[in-house]
$ cat entry-v4.txt   # compact mmCIF, C-alpha atoms and all ligand atoms
# COMPACT_ATOMS: atom_id res chain seq x y z
CA MET A 1 19.30 29.56 -25.97
CA THR A 2 19.07 25.88 -25.14
CA ASP A 3 21.67 26.40 -22.40
CA LYS A 4 18.83 28.08 -20.45
CA ILE A 5 16.86 24.81 -20.41
CA ASN A 6 17.69 22.57 -17.49
CA PRO A 7 18.18 18.88 -18.27
CA LEU A 8 15.61 16.42 -16.95
CA PRO A 9 16.43 15.57 -13.33
CA GLN A 10 15.70 11.94 -14.15
CA PRO A 11 14.54 10.02 -17.25
CA VAL A 12 10.82 10.31 -17.95
CA ALA A 13 10.29 7.47 -20.41
CA THR A 14 12.32 4.96 -18.45
CA LEU A 15 13.91 2.11 -20.35
CA ALA A 16 13.95 -0.12 -17.29
CA THR A 17 10.21 -0.71 -17.36
CA GLY A 18 7.86 -0.44 -20.28
CA GLY A 19 4.37 0.95 -20.03
CA GLY A 20 1.11 1.47 -21.82
CA ILE A 21 -2.13 3.26 -21.38
CA SER A 22 -5.73 2.40 -21.92
CA TRP A 23 -7.75 5.57 -22.06
CA PRO A 24 -11.20 5.49 -20.56
CA GLY A 25 -13.70 5.46 -23.43
CA ASP A 26 -15.88 8.43 -24.26
CA SER A 27 -16.00 11.21 -21.69
CA HIS A 28 -18.27 14.20 -22.01
CA TRP A 29 -18.25 17.25 -19.81
CA GLY A 30 -20.23 20.45 -19.66
CA PRO A 31 -23.82 21.58 -19.14
CA ASP A 32 -25.33 19.07 -21.61
CA ALA A 33 -22.85 16.22 -21.00
CA LEU A 34 -25.54 13.74 -19.99
CA GLU A 35 -27.58 14.13 -23.16
CA ARG A 36 -24.47 13.93 -25.34
CA ALA A 37 -23.27 10.81 -23.53
CA VAL A 38 -26.65 9.14 -24.01
CA GLN A 39 -26.62 10.03 -27.71
CA VAL A 40 -23.13 8.57 -28.13
CA ALA A 41 -24.23 5.40 -26.34
CA GLY A 42 -27.19 5.12 -28.75
CA ALA A 43 -27.94 1.56 -29.74
CA ARG A 44 -25.44 0.18 -27.20
CA LEU A 45 -27.99 1.12 -24.52
CA ARG A 46 -29.79 -2.18 -24.75
CA GLN A 47 -32.55 -2.29 -22.11
CA PRO A 48 -30.33 -0.53 -19.52
CA LEU A 49 -30.56 -1.06 -15.79
CA VAL A 50 -29.96 2.16 -13.85
CA ILE A 51 -27.98 1.43 -10.66
CA THR A 52 -28.41 4.17 -8.06
CA ASP A 53 -29.55 4.98 -4.53
CA PRO A 54 -32.94 6.42 -3.56
CA VAL A 55 -31.68 9.84 -2.42
CA VAL A 56 -29.67 10.46 -5.58
CA TRP A 57 -32.45 9.12 -7.78
CA ARG A 58 -34.99 11.49 -6.25
CA ALA A 59 -32.63 14.41 -6.92
CA VAL A 60 -31.34 13.67 -10.42
CA GLY A 61 -33.66 10.92 -11.70
CA PRO A 62 -35.82 13.37 -13.70
CA ALA A 63 -32.75 14.73 -15.55
CA VAL A 64 -31.49 11.22 -16.31
CA GLN A 65 -34.91 10.04 -17.49
CA ALA A 66 -35.29 13.12 -19.70
CA ALA A 67 -31.94 12.34 -21.35
CA LEU A 68 -32.84 8.64 -21.82
CA ALA A 69 -36.18 9.64 -23.35
CA THR A 70 -34.30 11.24 -26.25
CA VAL A 71 -33.34 7.76 -27.53
CA PRO A 72 -36.25 6.50 -29.64
CA GLY A 73 -37.85 3.31 -28.35
CA LEU A 74 -35.55 2.96 -25.33
CA SER A 75 -36.96 1.47 -22.14
CA TRP A 76 -35.04 1.17 -18.90
CA GLN A 77 -35.34 -0.25 -15.39
CA VAL A 78 -34.10 1.13 -12.10
CA TYR A 79 -32.35 -0.61 -9.19
CA ASP A 80 -32.12 1.96 -6.38
CA GLY A 81 -30.86 -0.25 -3.57
CA VAL A 82 -27.26 1.03 -3.38
CA VAL A 83 -26.12 2.09 0.11
CA PRO A 84 -22.93 3.85 1.30
CA ASN A 85 -20.05 1.38 1.68
CA PRO A 86 -21.87 -1.15 -0.51
CA THR A 87 -21.65 -4.88 0.09
CA LEU A 88 -21.92 -7.93 -2.11
CA THR A 89 -25.60 -8.04 -1.18
CA GLN A 90 -26.31 -5.02 -3.38
CA VAL A 91 -24.14 -6.45 -6.15
CA ARG A 92 -26.09 -9.72 -6.06
CA GLU A 93 -29.45 -7.93 -6.00
CA ALA A 94 -28.59 -5.69 -8.94
CA LEU A 95 -27.07 -8.56 -10.93
CA GLN A 96 -30.15 -10.73 -10.36
CA THR A 97 -32.39 -7.81 -11.36
CA ALA A 98 -30.39 -7.23 -14.55
CA ARG A 99 -30.57 -10.92 -15.49
CA ARG A 100 -34.25 -11.27 -14.62
CA LEU A 101 -35.19 -8.25 -16.72
CA GLY A 102 -32.87 -9.14 -19.60
CA CYS A 103 -30.85 -5.92 -19.27
CA GLY A 104 -27.96 -5.64 -21.72
CA SER A 105 -26.32 -2.48 -20.38
CA LEU A 106 -25.91 -0.52 -17.14
CA ILE A 107 -26.11 3.14 -16.17
CA ALA A 108 -24.52 4.05 -12.82
CA VAL A 109 -26.00 7.22 -11.35
CA GLY A 110 -24.47 8.44 -8.09
CA GLY A 111 -21.19 8.54 -6.23
CA GLY A 112 -18.45 5.98 -5.92
CA SER A 113 -20.76 3.46 -4.24
CA ALA A 114 -23.20 3.26 -7.18
CA ILE A 115 -20.41 3.20 -9.75
CA ASP A 116 -18.41 0.57 -7.83
CA VAL A 117 -21.48 -1.68 -7.56
CA ALA A 118 -22.19 -1.19 -11.27
CA LYS A 119 -18.61 -2.14 -12.21
CA VAL A 120 -18.83 -5.44 -10.36
CA VAL A 121 -22.35 -6.11 -11.70
CA LEU A 122 -21.03 -5.47 -15.20
CA ALA A 123 -18.25 -8.01 -14.69
CA GLY A 124 -20.85 -10.58 -13.58
CA LEU A 125 -23.24 -9.74 -16.39
CA ALA A 126 -20.74 -9.52 -19.26
CA GLY A 127 -18.60 -12.37 -17.98
CA GLY A 128 -21.53 -14.69 -17.25
CA LEU A 129 -20.15 -15.03 -13.72
CA ASP A 130 -21.64 -15.26 -10.28
CA VAL A 131 -20.42 -12.80 -7.68
CA GLU A 132 -18.48 -15.52 -5.83
CA GLU A 133 -16.54 -16.38 -8.99
CA LEU A 134 -15.14 -12.90 -9.49
CA GLN A 135 -12.27 -13.45 -7.08
CA ALA A 136 -11.69 -17.03 -8.21
CA PRO A 137 -9.41 -17.89 -11.17
CA ARG A 138 -12.28 -17.85 -13.71
CA GLY A 139 -13.37 -14.38 -12.63
CA ARG A 140 -9.81 -13.09 -12.47
CA ALA A 141 -9.22 -14.32 -16.01
CA TRP A 142 -12.22 -12.32 -17.24
CA LEU A 143 -11.18 -9.20 -15.31
CA ASP A 144 -7.58 -9.44 -16.55
CA ALA A 145 -8.58 -9.80 -20.21
CA PRO A 146 -8.99 -6.72 -22.41
CA ALA A 147 -12.47 -5.30 -23.00
CA THR A 148 -14.23 -6.49 -26.15
CA PRO A 149 -16.90 -4.75 -28.24
CA GLU A 150 -19.34 -7.44 -27.10
CA ASP A 151 -18.98 -6.48 -23.41
CA ALA A 152 -22.10 -4.86 -21.99
CA LEU A 153 -21.93 -1.08 -21.86
CA LEU A 154 -21.51 0.81 -18.58
CA LEU A 155 -22.36 4.49 -18.68
CA ALA A 156 -21.41 6.43 -15.53
CA VAL A 157 -23.15 9.58 -14.39
CA PRO A 158 -21.25 10.74 -11.28
CA THR A 159 -23.12 12.97 -8.84
CA THR A 160 -20.20 13.38 -6.46
CA SER A 161 -16.62 14.53 -7.05
CA GLY A 162 -14.03 12.49 -5.26
CA THR A 163 -13.59 8.75 -5.63
CA GLY A 164 -12.81 8.96 -9.34
CA SER A 165 -14.59 5.63 -9.70
CA GLU A 166 -15.98 6.87 -13.02
CA SER A 167 -12.48 6.84 -14.47
CA SER A 168 -10.40 4.52 -12.27
CA SER A 169 -9.83 0.79 -12.51
CA ALA A 170 -10.92 0.08 -8.93
CA ALA A 171 -14.15 -0.95 -7.24
CA LEU A 172 -14.31 -1.30 -3.47
CA ILE A 173 -17.02 -3.63 -2.17
CA GLN A 174 -17.46 -5.08 1.31
CA GLY A 175 -17.31 -8.83 1.15
CA ASP A 176 -19.36 -11.36 3.09
CA ASP A 177 -16.48 -11.51 5.60
CA GLY A 178 -16.99 -7.81 6.45
CA ARG A 179 -13.72 -6.73 4.83
CA LYS A 180 -13.46 -4.36 1.92
CA HIS A 181 -12.35 -6.08 -1.26
CA LEU A 182 -10.72 -4.19 -4.08
CA TYR A 183 -11.62 -5.34 -7.57
CA ARG A 184 -8.99 -3.87 -9.86
CA SER A 185 -9.58 -4.14 -13.60
CA LEU A 186 -9.74 -1.85 -16.59
CA ARG A 187 -12.35 -4.06 -18.24
CA PRO A 188 -15.50 -2.96 -16.36
CA ARG A 189 -14.40 0.68 -16.23
CA PRO A 190 -17.25 2.87 -17.54
CA ALA A 191 -16.95 3.08 -21.34
CA ILE A 192 -18.91 6.33 -21.37
CA VAL A 193 -18.86 9.03 -18.69
CA ALA A 194 -21.09 12.08 -18.37
CA LEU A 195 -19.50 14.83 -16.27
CA GLN A 196 -22.39 17.27 -15.91
CA PRO A 197 -21.59 19.74 -13.09
CA SER A 198 -25.25 20.61 -12.44
CA LEU A 199 -25.80 17.05 -11.20
CA THR A 200 -23.37 17.68 -8.32
CA LEU A 201 -24.98 20.95 -7.17
CA GLY A 202 -27.16 19.24 -4.58
CA LEU A 203 -24.25 17.50 -2.86
CA PRO A 204 -24.23 18.59 0.82
CA PRO A 205 -21.11 20.25 2.32
CA ARG A 206 -19.81 17.16 4.12
CA PRO A 207 -19.60 14.77 1.14
CA THR A 208 -18.39 17.69 -0.97
CA ALA A 209 -15.47 18.23 1.42
CA HIS A 210 -14.74 14.54 1.98
CA GLY A 211 -14.87 13.67 -1.73
CA GLY A 212 -12.71 16.65 -2.65
CA PHE A 213 -10.10 15.68 -0.08
CA ASP A 214 -10.07 12.10 -1.38
CA ALA A 215 -9.45 13.41 -4.92
CA VAL A 216 -6.54 15.54 -3.66
CA LEU A 217 -4.93 12.48 -2.08
CA HIS A 218 -5.49 10.40 -5.23
CA ALA A 219 -3.67 13.03 -7.27
CA LEU A 220 -0.88 13.51 -4.71
CA GLY A 221 -0.43 9.78 -4.12
CA THR A 222 -0.10 9.17 -7.85
CA TRP A 223 2.31 12.08 -8.28
CA VAL A 224 4.69 11.07 -5.48
CA ASN A 225 4.67 7.29 -5.92
CA THR A 226 7.40 5.33 -7.68
CA ASP A 227 5.35 4.14 -10.67
CA PRO A 228 7.15 5.86 -13.55
CA SER A 229 4.32 5.99 -16.13
CA PRO A 230 4.70 9.54 -17.51
CA VAL A 231 1.05 9.86 -18.54
CA GLY A 232 -0.24 9.14 -15.06
CA LYS A 233 2.30 11.57 -13.59
CA ALA A 234 1.21 14.36 -15.92
CA LEU A 235 -2.46 13.81 -15.16
CA ALA A 236 -1.79 13.63 -11.42
CA LEU A 237 0.04 16.95 -11.33
CA HIS A 238 -2.65 18.60 -13.42
CA ALA A 239 -5.35 17.13 -11.18
CA LEU A 240 -3.52 18.59 -8.15
CA ARG A 241 -3.32 21.95 -9.90
CA ILE A 242 -7.10 21.85 -10.36
CA CYS A 243 -8.18 20.28 -7.06
CA LEU A 244 -6.11 22.35 -4.61
CA PRO A 245 -7.88 25.63 -5.48
CA ALA A 246 -11.20 23.99 -6.53
CA LEU A 247 -11.81 22.37 -3.14
CA PRO A 248 -11.78 25.62 -1.10
CA ALA A 249 -13.77 27.29 -3.90
CA VAL A 250 -16.53 24.69 -3.88
CA LEU A 251 -16.72 24.77 -0.07
CA ARG A 252 -16.96 28.55 -0.14
CA GLU A 253 -19.47 28.67 -3.01
CA PRO A 254 -21.35 25.38 -3.21
CA ASP A 255 -23.81 26.85 -5.72
CA SER A 256 -21.07 27.89 -8.12
CA LEU A 257 -21.33 25.76 -11.25
CA GLN A 258 -17.75 26.72 -12.15
CA ALA A 259 -16.39 25.49 -8.81
CA ARG A 260 -18.46 22.29 -9.14
CA ALA A 261 -17.18 21.78 -12.70
CA ASP A 262 -13.56 22.26 -11.65
CA MET A 263 -13.88 19.87 -8.73
CA GLN A 264 -15.60 17.30 -10.95
CA MET A 265 -12.87 17.49 -13.60
CA GLY A 266 -10.08 17.37 -11.00
CA ALA A 267 -11.55 14.24 -9.39
CA TYR A 268 -12.07 12.65 -12.82
CA LEU A 269 -8.47 13.27 -13.91
CA ALA A 270 -7.15 12.00 -10.58
CA GLY A 271 -9.22 8.85 -11.18
CA VAL A 272 -7.64 8.33 -14.59
CA ALA A 273 -4.22 8.86 -13.00
CA ILE A 274 -4.76 6.25 -10.28
CA GLY A 275 -6.03 3.83 -12.93
CA LEU A 276 -2.65 4.19 -14.63
CA ASN A 277 -0.15 4.54 -11.76
CA LYS A 278 -2.00 3.52 -8.57
CA VAL A 279 -1.38 5.56 -5.39
CA ASP A 280 0.91 5.35 -2.35
CA ALA A 281 1.02 3.91 1.17
CA VAL A 282 -1.51 6.48 2.40
CA HIS A 283 -4.31 4.69 0.56
CA GLY A 284 -2.60 1.32 1.02
CA MET A 285 -2.69 1.72 4.81
CA CYS A 286 -6.12 3.36 4.86
CA THR A 287 -8.16 0.45 3.51
CA PRO A 288 -7.36 -2.10 6.28
CA LEU A 289 -8.02 0.53 8.94
CA GLU A 290 -11.40 1.44 7.44
CA ALA A 291 -12.69 -2.03 8.23
CA ARG A 292 -12.05 -1.39 11.97
CA VAL A 293 -13.37 2.11 12.54
CA HIS A 294 -16.69 3.82 11.98
CA LEU A 295 -15.30 6.71 10.00
CA THR A 296 -15.59 7.83 6.40
CA HIS A 297 -12.83 7.24 3.85
CA ALA A 298 -11.65 10.86 4.16
CA GLU A 299 -11.73 10.73 7.98
CA VAL A 300 -9.29 7.81 7.86
CA LEU A 301 -7.23 9.23 5.00
CA ALA A 302 -6.41 12.54 6.68
CA PRO A 303 -4.69 11.19 9.84
CA VAL A 304 -2.98 8.41 7.85
CA PHE A 305 -1.70 11.02 5.38
CA SER A 306 -0.38 13.23 8.15
CA VAL A 307 1.71 10.46 9.70
CA VAL A 308 2.79 8.62 6.54
CA ALA A 309 3.67 11.70 4.46
CA ARG A 310 5.72 13.24 7.29
CA HIS A 311 7.57 9.95 7.74
CA THR A 312 8.14 9.66 3.97
CA VAL A 313 9.55 13.14 3.43
CA GLN A 314 12.22 12.62 6.09
CA THR A 315 14.15 10.67 3.43
CA HIS A 316 12.19 11.14 0.17
CA ALA A 317 11.11 14.77 0.06
CA ARG A 318 11.82 15.36 -3.62
CA PRO A 319 8.47 14.54 -5.29
CA TYR A 320 6.57 16.52 -2.64
CA ALA A 321 8.97 19.45 -3.04
CA GLU A 322 8.63 19.30 -6.84
CA ALA A 323 4.84 19.51 -6.53
CA ALA A 324 5.10 22.37 -4.03
CA ARG A 325 7.28 24.28 -6.51
CA ALA A 326 5.17 23.45 -9.57
CA LEU A 327 2.05 24.57 -7.73
CA ASP A 328 3.61 27.76 -6.32
CA ILE A 329 3.13 26.62 -2.73
CA ALA A 330 6.79 26.95 -1.76
CA SER A 331 10.06 27.31 -3.59
CA THR A 332 12.84 27.98 -1.10
CA GLY A 333 15.41 25.64 -2.60
CA ASN A 334 15.21 23.52 0.55
CA GLU A 335 13.53 20.21 -0.34
CA GLN A 336 12.48 19.39 3.22
CA HIS A 337 10.97 22.81 3.73
CA ASP A 338 9.07 22.82 0.45
CA ALA A 339 7.80 19.27 0.94
CA LEU A 340 6.51 20.11 4.42
CA ALA A 341 4.81 23.23 3.05
CA LEU A 342 2.85 21.02 0.64
CA ILE A 343 1.90 18.59 3.42
CA GLU A 344 0.73 21.49 5.58
CA ALA A 345 -1.32 22.88 2.68
CA VAL A 346 -3.05 19.51 2.26
CA GLU A 347 -3.67 19.23 6.02
CA GLY A 348 -5.11 22.75 5.87
CA LEU A 349 -7.58 21.59 3.20
CA ALA A 350 -8.69 18.75 5.46
CA ARG A 351 -9.31 21.14 8.34
CA LEU A 352 -11.13 23.54 6.02
CA GLY A 353 -13.47 20.67 5.17
CA GLY A 354 -13.98 19.79 8.84
CA ILE A 355 -11.87 16.63 8.59
CA ALA A 356 -9.62 15.97 11.60
CA THR A 357 -5.96 15.21 10.88
CA ARG A 358 -5.51 13.15 14.06
CA PHE A 359 -7.45 10.15 15.32
CA THR A 360 -9.03 10.95 18.63
CA ASP A 361 -10.16 7.51 19.63
CA LEU A 362 -8.06 4.91 17.86
CA ARG A 363 -6.96 2.08 20.11
CA LEU A 364 -4.60 -0.47 18.60
CA SER A 365 -2.69 -3.27 20.28
CA ALA A 366 0.67 -4.37 18.92
CA GLN A 367 -1.09 -7.41 17.46
CA ASP A 368 -3.71 -5.19 15.79
CA ALA A 369 -0.93 -3.13 14.22
CA ASP A 370 0.80 -6.32 13.08
CA GLU A 371 -2.34 -7.54 11.32
CA LEU A 372 -3.05 -4.15 9.77
CA ALA A 373 0.52 -3.96 8.44
CA THR A 374 0.20 -7.42 6.89
CA ARG A 375 -2.96 -6.32 5.09
CA ALA A 376 -1.53 -2.96 4.05
CA LEU A 377 1.36 -4.75 2.35
CA ARG A 378 -1.14 -6.67 0.20
CA SER A 379 -2.18 -3.39 -1.42
CA ALA A 380 -0.59 -2.80 -4.81
CA SER A 381 -0.05 0.84 -3.80
CA THR A 382 1.89 0.34 -0.54
CA PRO A 383 5.08 -0.91 -2.25
CA LEU A 384 5.00 2.17 -4.50
CA ASN A 385 5.44 4.57 -1.57
CA PRO A 386 8.40 6.90 -2.26
CA ARG A 387 10.03 5.82 1.02
CA PRO A 388 10.02 2.02 1.05
CA LEU A 389 8.04 0.68 3.99
CA ALA A 390 8.68 -2.77 5.44
CA HIS A 391 6.31 -4.54 7.81
CA PRO A 392 7.91 -3.15 11.03
CA ASP A 393 7.79 0.40 9.60
CA ILE A 394 4.09 0.14 8.77
CA ARG A 395 3.33 -1.42 12.13
CA SER A 396 5.15 1.43 13.87
CA LEU A 397 3.28 4.06 11.80
CA TYR A 398 -0.08 2.54 12.74
CA LEU A 399 0.89 2.68 16.40
CA GLN A 400 1.92 6.32 16.01
CA MET A 401 -1.55 7.10 14.68
CA ALA A 402 -3.12 5.41 17.65
CA HIS A 403 -0.84 7.24 20.06
CA PRO A 404 -0.04 10.53 18.32
CA GLY A 405 3.24 12.09 19.27
CA VAL A 406 4.63 8.98 20.91
CA SER A 407 7.04 6.79 18.99
CA PRO A 408 6.59 3.17 20.05
FE FE B 1 -9.59 7.26 -2.11

$ encode --input "entry-v4.txt" --output "structure tokens"
Amino acid sequence: MTDKINPLPQPVATLATGGGISWPGDSHWGPDALERAVQVAGARLRQPLVITDPVVWRAVGPAVQAALATVPGLSWQVYDGVVPNPTLTQVREALQTARRLGCGSLIAVGGGSAIDVAKVVLAGLAGGLDVEELQAPRGRAWLDAPATPEDALLLAVPTTSGTGSESSSAALIQGDDGRKHLYRSLRPRPAIVALQPSLTLGLPPRPTAHGGFDAVLHALGTWVNTDPSPVGKALALHALRICLPALPAVLREPDSLQARADMQMGAYLAGVAIGLNKVDAVHGMCTPLEARVHLTHAEVLAPVFSVVARHTVQTHARPYAEAARALDIASTGNEQHDALALIEAVEGLARLGGIATRFTDLRLSAQDADELATRALRSASTPLNPRPLAHPDIRSLYLQMAHPGVSP
């Protein structure tokens, strides 16, 4: 019967490059995930500082405090100064608060912004570093070293489903120069995560749609890119399998705990996948553009995806076609056709969530596009795009986005 089994189209465990994984620590999901996570943390919750924002804390603070109250003798403090697109100002404030109050652990409660701030605060706190040092050699050395049992604990309680910050190795913080800086390290990744779907029920439709779309592009970017790590690939495809139906379901039925749970798990798995394999040029080209426009991450991602993915599949359709077939989106035997069907399905999800797939007011000069391309190439994900993109290619793609339909 083995003659019915097709051989692998290409090696999975490649001999050309080795690999390894570092699983995120303890993850708990389900209706009582928060209480179980707090119990597992136990004595490692030394005088924790909760890092959150005021809106989230009003909504879920009582549930978090009730869970913390189950640990005998535990006292905690709250820093609720996190804002969307956080800057180093919030990191400094929270780090100073943690030091002043003698906090020995952190609990991030909120979306990607709160968790990203907490990751960088943790690096400062556990590494004995000031914020400015984190991008200098001393800080890099701490971030590049493996986690130790003595590192302060970070427990993440996500209240949104999208960024995957609770499980990824990345933290995006706006620097003093106004640009977004990516801190990439496995060391400050939350050691304990509580995925409790009820905590995401209050998320309004817009962030629900935008976060869900971001998670889809994390999973897809990891699946199609050239990083061969088989574990990340498996997680990415499974995350796509979850997110593609979960996103329309959660938009249709925002009060459905099942839909919220599925979306939360899909975003979490996609986060683990990007922590292992990174993403593609869609995210690599998105970050520099985000510093120039007043749009959300998803509002930049969707038009960038539309242009970059269509350009990529002209020569490298296979991974997109494989996903389309694995997910029962299209299976015609024609790679181009199946790949485009997947792209159209993803664009359809954006539109369903009210996210435009074209920029309507993006003005870029040739020099702007040059600078953006230079920055996009600094991303670790851009070189992993299935279709290799050199500086002139990226420049040209940016100009296409600014002038849709016209090739410069
Ligand atoms: Fe993203």

$ atom_distance --input "entry-v4.txt" --atom1 "CA of Gly124 in chain A" --atom2 "CA of Gly232 in chain A"
28.6 Å

$ residues_around --input "entry-v4.txt" --residues "range 322-327 of chain A" --least-positions-apart "5" --cutoff "7 Å" --atoms "all atoms listed in the file" --output "PyMOL selection string"
chain A and resi 241+338-339+342

$ write_last_selection --input "entry-v4.txt" --atoms "C-alpha atoms" --output "mmCIF file, in the coordinates of the input"
data_model
loop_
_atom_site.group_PDB
_atom_site.id
_atom_site.type_symbol
_atom_site.label_atom_id
_atom_site.label_comp_id
_atom_site.auth_asym_id
_atom_site.auth_seq_id
_atom_site.Cartn_x
_atom_site.Cartn_y
_atom_site.Cartn_z
ATOM 1 C CA ARG A 241 -3.320 21.950 -9.900
ATOM 2 C CA ASP A 338 9.070 22.820 0.450
ATOM 3 C CA ALA A 339 7.800 19.270 0.940
ATOM 4 C CA LEU A 342 2.850 21.020 0.640
#

$ residues_near_ligand --input "entry-v4.txt" --ligand "ligand FE 1 (chain B)" --cutoff "8 Å" --atoms "all atoms listed in the file" --output "PyMOL selection string"
chain A and resi 162-163+214-215+217-218+283+297-298+301

$ residues_near_point --input "entry-v4.txt" --point "(-26.2, -5.2, -26.3)" --cutoff "9 Å" --atoms "only C-alpha atoms" --output "count of residues only"
12

$ closest_atom_pairs --input "entry-v4.txt" --of "range 166-279 of chain A" --to "range 13-30 of chain A" --cutoff "9 Å" --atoms "all atoms listed in the file" --output "CSV"
residue,atom,partner,partner_atom,distance
A:Ser167,CA,A:Pro24,CA,6.4
A:Ser168,CA,A:Pro24,CA,8.4
A:Leu186,CA,A:Ser22,CA,7.9
A:Arg189,CA,A:Pro24,CA,7.2
A:Pro190,CA,A:Pro24,CA,7.3
A:Ala191,CA,A:Gly25,CA,4.5
A:Ile192,CA,A:Asp26,CA,4.7
A:Val193,CA,A:Ser27,CA,4.7
A:Ala194,CA,A:His28,CA,5.1
A:Leu195,CA,A:Trp29,CA,4.5
A:Gln196,CA,A:Gly30,CA,5.4
A:Pro197,CA,A:Gly30,CA,6.7
A:Ser198,CA,A:Gly30,CA,8.8
A:Pro228,CA,A:Thr14,CA,7.2
A:Ser229,CA,A:Gly19,CA,6.4
A:Pro230,CA,A:Ala13,CA,6.6
A:Val231,CA,A:Ile21,CA,7.9
A:Gly232,CA,A:Ile21,CA,8.8
A:Ala261,CA,A:Gly30,CA,7.7
A:Met265,CA,A:Trp29,CA,8.2
A:Val272,CA,A:Pro24,CA,7.5
A:Leu276,CA,A:Ile21,CA,6.8

$ closest_atom_pairs --input "entry-v4.txt" --of "range 269-297 of chain A" --to "range 374-390 of chain A" --cutoff "12 Å" --atoms "only C-alpha atoms" --output "tab-separated table"
residue	atom	partner	partner_atom	distance
A:Ile274	CA	A:Ser381	CA	9.7
A:Gly275	CA	A:Ser381	CA	11.3
A:Leu276	CA	A:Ser381	CA	11.6
A:Asn277	CA	A:Ser381	CA	8.8
A:Lys278	CA	A:Ser381	CA	5.8
A:Val279	CA	A:Ser381	CA	5.2
A:Asp280	CA	A:Asn385	CA	4.7
A:Ala281	CA	A:Thr382	CA	4.1
A:Val282	CA	A:Thr382	CA	7.6
A:His283	CA	A:Ser381	CA	7.2
A:Gly284	CA	A:Thr382	CA	4.9
A:Met285	CA	A:Ala376	CA	4.9
A:Cys286	CA	A:Ala376	CA	7.9
A:Thr287	CA	A:Ala376	CA	7.5
A:Pro288	CA	A:Arg375	CA	6.2
A:Leu289	CA	A:Ala376	CA	8.8
A:Glu290	CA	A:Ala376	CA	11.3
A:Ala291	CA	A:Arg375	CA	11.1

$ atom_distance --input "entry-v4.txt" --atom1 "CA of Ala219 in chain A" --atom2 "CA of Leu8 in chain A"
21.8 Å

$ residues_around --input "entry-v4.txt" --residues "Asp53 in chain A" --least-positions-apart "4" --cutoff "7 Å" --atoms "all atoms listed in the file" --output "VMD selection string"
chain A and resid 57 80 to 83

$ closest_residue --input "entry-v4.txt" --among "A:Thr357, A:Thr200, A:Thr70, A:Asn85" --to "Leu257 in chain A" --atoms "all atoms listed in the file"
A:Thr200

$ closest_residue --input "entry-v4.txt" --among "A:Ile329, A:Pro137, A:Val346, A:Ala209" --to "Ala249 in chain A" --atoms "all atoms listed in the file"
A:Ala209

$ residues_around --input "entry-v4.txt" --residues "Ala170 in chain A" --least-positions-apart "2" --cutoff "7 Å" --atoms "only C-alpha atoms" --output "list in words"
Ser165, Ser168, Leu172, Leu182, Tyr183, Arg184 and Ser185 of chain A

$ atom_distance --input "entry-v4.txt" --atom1 "CA of Thr312 in chain A" --atom2 "CA of Ala366 in chain A"
21.8 Å

$ closest_residue --input "entry-v4.txt" --among "A:Val60, A:Leu88, A:Ile115, A:Leu201" --to "Glu253 in chain A" --atoms "only C-alpha atoms"
A:Leu201
